[in-house]
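J.: The following file, data-v1.tsv, comprises TSV, C-alpha atoms:
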chain	number	residue	atom	x	y	z
V	1	MET	CA	91.96	132.20	110.43
V	2	LYS	CA	93.81	132.72	113.70
V	3	TYR	CA	95.68	135.72	112.23
V	4	THR	CA	92.47	137.17	110.82
V	5	ILE	CA	90.82	137.14	114.25
V	6	ALA	CA	93.92	138.67	115.85
V	7	PHE	CA	93.98	141.40	113.18
V	8	ILE	CA	90.29	142.19	113.71
V	9	LEU	CA	90.76	142.37	117.49
V	10	ALA	CA	93.80	144.63	117.15
V	11	THR	CA	91.90	146.90	114.75
V	12	CYS	CA	88.98	147.17	117.18
V	13	ILE	CA	91.27	148.01	120.09
V	14	VAL	CA	93.04	150.73	118.10
V	15	ALA	CA	89.69	152.17	116.95
V	16	LEU	CA	88.44	152.31	120.55
V	17	GLN	CA	91.62	154.03	121.71
V	18	VAL	CA	91.42	156.62	118.90
V	19	SER	CA	87.76	157.23	119.73
V	20	ALA	CA	88.60	157.81	123.41
V	21	VAL	CA	91.39	160.25	122.49
V	22	GLU	CA	89.09	162.16	120.11
V	23	GLU	CA	86.41	162.40	122.82
V	24	GLN	CA	88.97	163.77	125.29
V	25	GLU	CA	90.24	166.34	122.79
V	26	THR	CA	86.73	167.58	122.04
V	27	SER	CA	85.27	167.68	125.53
V	28	PRO	CA	83.71	170.95	126.73
V	29	GLN	CA	86.58	171.43	129.19
V	30	LYS	CA	89.19	170.94	126.44
V	31	VAL	CA	87.45	173.57	124.30
V	32	ILE	CA	87.60	176.13	127.12
V	33	GLU	CA	91.24	175.29	127.84
V	34	ALA	CA	92.04	175.68	124.12
V	35	LEU	CA	90.22	179.03	124.09
V	36	PHE	CA	92.56	180.43	126.72
V	37	ASP	CA	95.59	178.81	125.05
V	38	ALA	CA	94.63	180.81	121.93
V	39	MET	CA	94.39	183.95	124.06
V	40	ARG	CA	97.86	183.33	125.49
V	41	ALA	CA	99.16	182.84	121.94
V	42	GLY	CA	97.57	186.10	120.76
V	43	ASP	CA	95.80	184.06	118.05
V	44	LYS	CA	92.48	185.68	117.14
V	45	GLU	CA	91.58	183.08	114.50
V	46	ALA	CA	92.20	180.13	116.84
V	47	LEU	CA	90.23	181.91	119.55
V	48	LEU	CA	87.22	182.49	117.27
V	49	SER	CA	87.31	178.90	115.98
V	50	HIS	CA	85.89	177.75	119.33
V	51	TRP	CA	82.66	179.81	118.99
V	52	VAL	CA	79.56	179.22	116.87
V	53	GLU	CA	78.61	181.92	114.41
V	54	GLY	CA	76.49	184.52	116.20
V	55	ALA	CA	77.86	183.64	119.67
V	56	SER	CA	78.02	186.30	122.35
V	57	LEU	CA	80.30	187.19	125.24
V	58	ARG	CA	78.87	189.42	127.93
V	59	ARG	CA	79.79	190.69	131.37
V	60	VAL	CA	77.77	191.30	134.49
V	61	THR	CA	79.53	193.88	136.64
V	62	SER	CA	79.80	193.79	140.41
V	63	LYS	CA	77.08	196.48	140.38
V	64	GLY	CA	74.73	194.17	138.46
V	65	GLU	CA	74.99	195.91	135.08
V	66	VAL	CA	74.85	193.51	132.13
V	67	LYS	CA	77.20	194.72	129.41
V	68	GLY	CA	76.67	194.15	125.68
V	69	ASP	CA	78.39	191.63	123.44
V	70	ALA	CA	82.16	191.96	123.83
V	71	LEU	CA	83.25	189.02	121.65
V	72	PRO	CA	84.17	191.14	118.60
V	73	ARG	CA	86.14	193.65	120.71
V	74	TRP	CA	87.82	190.94	122.83
V	75	SER	CA	88.87	188.87	119.82
V	76	GLU	CA	90.30	191.98	118.10
V	77	TRP	CA	92.26	192.78	121.28
V	78	VAL	CA	93.59	189.21	121.50
V	79	GLY	CA	94.81	189.53	117.91
V	80	THR	CA	96.98	192.51	118.91
V	81	LEU	CA	98.72	190.71	121.78
V	82	ASP	CA	102.26	189.42	121.81
V	83	GLN	CA	102.46	185.75	122.69
V	84	GLY	CA	102.22	185.34	126.47
V	85	ALA	CA	101.25	188.97	127.18
V	86	ALA	CA	97.82	188.00	128.55
V	87	ASP	CA	97.54	184.88	130.67
V	88	GLU	CA	94.06	184.05	131.94
V	89	LYS	CA	94.43	181.06	134.24
V	90	ILE	CA	91.27	179.05	134.82
V	91	PHE	CA	90.92	176.64	137.72
V	92	ASP	CA	88.43	174.50	139.64
V	93	LEU	CA	86.32	174.03	136.50
V	94	LYS	CA	82.83	172.62	136.93
V	95	VAL	CA	81.41	170.98	133.82
V	96	THR	CA	77.82	169.82	133.50
V	97	GLN	CA	76.68	168.02	130.41
V	98	PHE	CA	73.47	166.54	129.06
V	99	GLY	CA	73.67	165.14	125.56
V	100	ASN	CA	74.84	167.87	123.20
V	101	LEU	CA	74.53	170.68	125.77
V	102	ALA	CA	77.15	171.61	128.36
V	103	THR	CA	78.01	174.40	130.76
V	104	VAL	CA	81.45	175.23	132.10
V	105	TRP	CA	81.98	177.31	135.25
V	106	ALA	CA	85.56	178.58	135.24
V	107	PRO	CA	86.97	180.84	137.96
V	108	PHE	CA	90.02	182.75	136.71
V	109	THR	CA	92.91	185.02	137.47
V	110	ILE	CA	94.38	187.14	134.70
V	111	HIS	CA	97.92	188.39	134.38
V	112	PHE	CA	99.04	190.97	131.84
V	113	ASN	CA	102.77	191.18	131.13
V	114	GLY	CA	103.36	189.11	134.26
V	115	LYS	CA	101.30	191.31	136.60
V	116	LEU	CA	98.08	190.11	138.26
V	117	VAL	CA	95.39	192.50	136.97
V	118	GLY	CA	92.09	190.80	137.78
V	119	CYS	CA	90.09	187.75	138.76
V	120	GLY	CA	86.54	186.47	138.68
V	121	VAL	CA	84.39	183.78	137.13
V	122	ASN	CA	83.64	182.85	133.52
V	123	THR	CA	80.65	180.75	132.56
V	124	PHE	CA	80.15	179.21	129.13
V	125	ILE	CA	77.32	177.41	127.37
V	126	LEU	CA	78.50	174.96	124.72
V	127	ALA	CA	76.71	172.87	122.12
V	128	LYS	CA	77.89	169.92	120.07
V	129	PRO	CA	76.40	170.42	116.59
V	130	LYS	CA	75.82	167.24	114.59
V	131	GLY	CA	79.08	166.01	113.12
V	132	LYS	CA	81.15	168.79	114.70
V	133	ASN	CA	83.20	169.42	117.81
V	134	TRP	CA	81.93	171.25	120.87
V	135	LYS	CA	81.53	175.00	120.28
V	136	ILE	CA	80.83	177.91	122.60
V	137	VAL	CA	77.36	179.41	122.12
V	138	SER	CA	77.66	182.08	124.79
V	139	GLY	CA	79.93	183.23	127.53
V	140	MET	CA	79.58	185.57	130.47
V	141	ASP	CA	81.99	186.73	133.10
V	142	THR	CA	82.09	188.83	136.21
V	143	ASP	CA	84.95	190.30	138.16
V	144	HIS	CA	85.87	189.77	141.80
V	145	LYS	CA	86.20	193.00	143.76
V	146	GLY	CA	88.26	191.45	146.55
V	147	ASP	CA	91.97	190.72	146.76
V	148	CYS	CA	92.88	188.76	143.63
V	149	ALA	CA	96.16	187.66	145.23
V	150	GLU	CA	94.04	185.64	147.70
V	151	TYR	CA	91.78	184.31	144.94
V	152	GLY	CA	92.84	181.06	143.36
V	153	PRO	CA	92.52	177.32	143.11
V	154	SER	CA	91.14	175.43	146.10
V	155	LYS	CA	93.74	173.59	148.04
In structure tokens, write the structure found in this file.

T.:
Amino acid sequence: MKYTIAFILATCIVALQVSAVEEQETSPQKVIEALFDAMRAGDKEALLSHWVEGASLRRVTSKGEVKGDALPRWSEWVGTLDQGAADEKIFDLKVTQFGNLATVWAPFTIHFNGKLVGCGVNTFILAKPKGKNWKIVSGMDTDHKGDCAEYGPSK
């Protein structure tokens, strides 16, 4: 009996630890981090796996123009990249979540072949469909027109 109780307790502890790890791996922030890991890897399929079917990616320019859906074009471009060619570094993420809905605010700098080429802010809306991991429903970004060398994580 004593061993049965010990076994049950050990099983419960392991199950709780596995559940906590799974929750960490599927958090909205982890999805966004994985998205940019896929970009760095030049892996179009991995990149698209983080989006729901019918998702959109748009841009609002510094002049206030809202550009059309760029997800198909962006994912095709990512698929042409050598590993490490494009490195979009996100920082100071702000995640808000209510139930199965989340938003992620992600300032970024982007380097191409080691050279700083831009910076700005990404924002993503994510949903957690029943029985599935978090997925991106829509994304939007804008660029910073100032000095990107001065733009970066808060100290």

J.: Taking a cut-off of 7 Å and counting only C-alpha atoms, can you build a table that, for each residue of region 63-104 of chain V near region 109-133 of chain V, reports the nearest atom pair and how far apart they are in Å (one decimal), sorted by chain then residue number, as a Markdown table?

T.:
| residue | atom | partner | partner_atom | distance |
| --- | --- | --- | --- | --- |
| V:Ala85 | CA | V:Asn113 | CA | 4.8 |
| V:Ala86 | CA | V:Phe112 | CA | 4.6 |
| V:Asp87 | CA | V:His111 | CA | 5.1 |
| V:Glu88 | CA | V:Ile110 | CA | 4.2 |
| V:Lys89 | CA | V:Thr109 | CA | 5.3 |
| V:Ile90 | CA | V:Thr109 | CA | 6.7 |
| V:Asn100 | CA | V:Lys128 | CA | 4.8 |
| V:Leu101 | CA | V:Ala127 | CA | 4.8 |
| V:Ala102 | CA | V:Leu126 | CA | 5.1 |
| V:Thr103 | CA | V:Ile125 | CA | 4.6 |
| V:Val104 | CA | V:Phe124 | CA | 5.1 |

J.: Please provide the set of residues having any atom within 10 Å of region 52-59 of chain V, restricted to only C-alpha atoms, with same-chain residues fewer than 5 positions apart removed, written as an NGL selection string.

T.: :V and (64-74 or 122-129 or 134-143)

J.: Can you tell me which residues surround region 37-47 of chain V at a distance of at most 8 Å, considering all atoms listed in the file, apart from same-chain residues fewer than 3 positions away, and format the answer as a list in words?

T.: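 The contact residues come out as Glu33, Ala34, His50, Trp51, Ser75, Glu76, Val78, Gly79, Thr80, Leu81, Asp82, Gln83, Gly84, Ala85, Ala86, Asp87 and Glu88 of chain V.
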
J.: Between V:Lys145, V:Ser27, V:Tyr151, V:Ile32, which residue has the minimum interatomic distance to Trp105 (chain V), considering all atoms listed in the file?

T.: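 Between V:Lys145, V:Ser27, V:Tyr151, V:Ile32, the residue approaching Trp105 (chain V) most closely is V:Ile32.
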
J.: Once 4 Å is added on each side, what centre and edge lengths in Å to one decimal does the axis-aligned box around all listed atoms of region 119-130 of chain V have, as lines of an AutoDock Vina configuration file?

T.:
center_x = 83.0
center_y = 177.5
center_z = 126.7
size_x = 22.3
size_y = 28.5
size_z = 32.2

J.: What is the distance between CA of Thr96 (chain V) and CA of Pro28 (chain V), in Å to one decimal?

T.: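 Separation between CA of Thr96 (chain V) and CA of Pro28 (chain V): 9.0 Å.
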
J.: Just how far from CA of Ala149 (chain V) is CA of Phe91 (chain V), in Å to one decimal?

T.: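 Between these atoms lies a distance of 14.3 Å.
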
J.: Enter the distance from CA of Phe108 (chain V) to CA of Cys148 (chain V), in Å, rounded to one decimal.

T.: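 Those two atoms sit 9.6 Å apart.
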